[in-house]
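Data first, discussion second: the structure below is written as structure tokens.
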Amino acid sequence: MDRSVGSIFVLGGARSGKSNFAEKLALESGLERHYLATGRAYDDEMRSRIHAHRKQRGEGWMTHEEPIDLVAKLQQLDAPGRVILVDCLTLWVTNLMMEAEDTIEEQTALLAAHVAETKARFIIVSNEVGLGIVPENRMARAFRDHAGRLHQQVAASANEVYLVAAGLSLKMKG
């Protein structure tokens, strides 16, 4: 497969090593690197996490932030010769649930379609949230369900899919 185009979906639990793995893939591509962050710094702890991620990535990345209109931002950035790393889809789902929950199904379909048609090398990171217990409250169950449906559609559209646990990657597709 041409390593300068196509999409890679990286799933894993919290602190599994999924972001490090995705960043390594982006570096190995040799392409112009773009990092598209979906998270928001609502508190000091999240600001600290964002700072640590930026420091860990180091130089050579163009950072973009888009918490809601992810597909429009991807369409704007999508071009040959680039690698675009999106981190992460579960934060995006959270943002949509808080501000535009009625659009999640539509946004999911739009993202899955873009994943299949990308001109750039596209690496998407997300937290696998469906392996734990059934959440005790409606909002947490809705989040798990939205994320699970999103992951299924993105995985179906992606060229490659990896599951990362304990810093080890398992190729599931491609």
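Residue numbers start at 1 in each chain; chains themselves are named A, B, ... in the order of the structure tokens; ligands are numbered from 1 in the order shown.
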Please report as CSV every residue of stretch 8-28 of chain A lying within 8 Å of stretch 105-124 of chain A, along with the nearest atom pair and their distance in Å (one decimal), using only C-alpha atoms.
residue,atom,partner,partner_atom,distance
A:Ile8,CA,A:Ile123,CA,4.7
A:Phe9,CA,A:Ile124,CA,4.8
A:Val10,CA,A:Ile124,CA,6.0
A:Ala22,CA,A:Ile123,CA,6.7
A:Ala26,CA,A:Ile123,CA,7.5
Counting only C-alpha atoms, what are the residues of stretch 57-91 of chain A within 9 Å of stretch 126-143 of chain A, and for each of them which pair of atoms is the nearest and at what distance in Å, to one decimal? Sort the table by chain and rising number, as CSV.
residue,atom,partner,partner_atom,distance
A:Val86,CA,A:Ser126,CA,8.7
A:Asp87,CA,A:Ser126,CA,6.8
A:Cys88,CA,A:Ser126,CA,4.9
A:Leu89,CA,A:Ser126,CA,4.9
A:Thr90,CA,A:Ser126,CA,5.7
A:Leu91,CA,A:Ser126,CA,8.2
Once you have the residues from the selection above, write them out as a PDB file, in the first residue's frame, restricted to C-alpha atoms.
ATOM      1  CA  VAL A  86      -6.705  13.179  14.753  1.00  0.00           C
ATOM      2  CA  ASP A  87      -6.590  12.683  18.520  1.00  0.00           C
ATOM      3  CA  CYS A  88      -9.174  11.711  19.588  1.00  0.00           C
ATOM      4  CA  LEU A  89     -12.629  10.661  18.474  1.00  0.00           C
ATOM      5  CA  THR A  90     -14.016   9.980  21.947  1.00  0.00           C
ATOM      6  CA  LEU A  91     -13.318  13.569  23.005  1.00  0.00           C
TER       7      LEU A  91
END
* To do: Just the alpha helix (DSSP H) stuff from stretch 40-171 of chain A, please, per backbone DSSP, written as a ChimeraX atom specification.
  => /A:44-57,70-77,89-99,104-117,138-157
* **Neighbour list for stretch 49-55 of chain A as a list of chain:residue names, cut-off 12 Å, only C-alpha atoms, skip fewer than 6 positions in-chain** => A:Arg15, A:Ser19, A:Asn20, A:Glu23, A:Tyr35, A:Leu36, A:Ala37, A:Thr38, A:Gly39, A:Arg40, A:Ala41, A:Tyr42, A:Asp43, A:Trp61, A:Met62, A:Thr63, A:His64, A:Glu65, A:Asp87
* **Residue nearest A:Val93 - candidates A:Arg33, A:Arg149, A:Arg57, A:Lys73, atoms counted: only C-alpha atoms** => A:Arg149
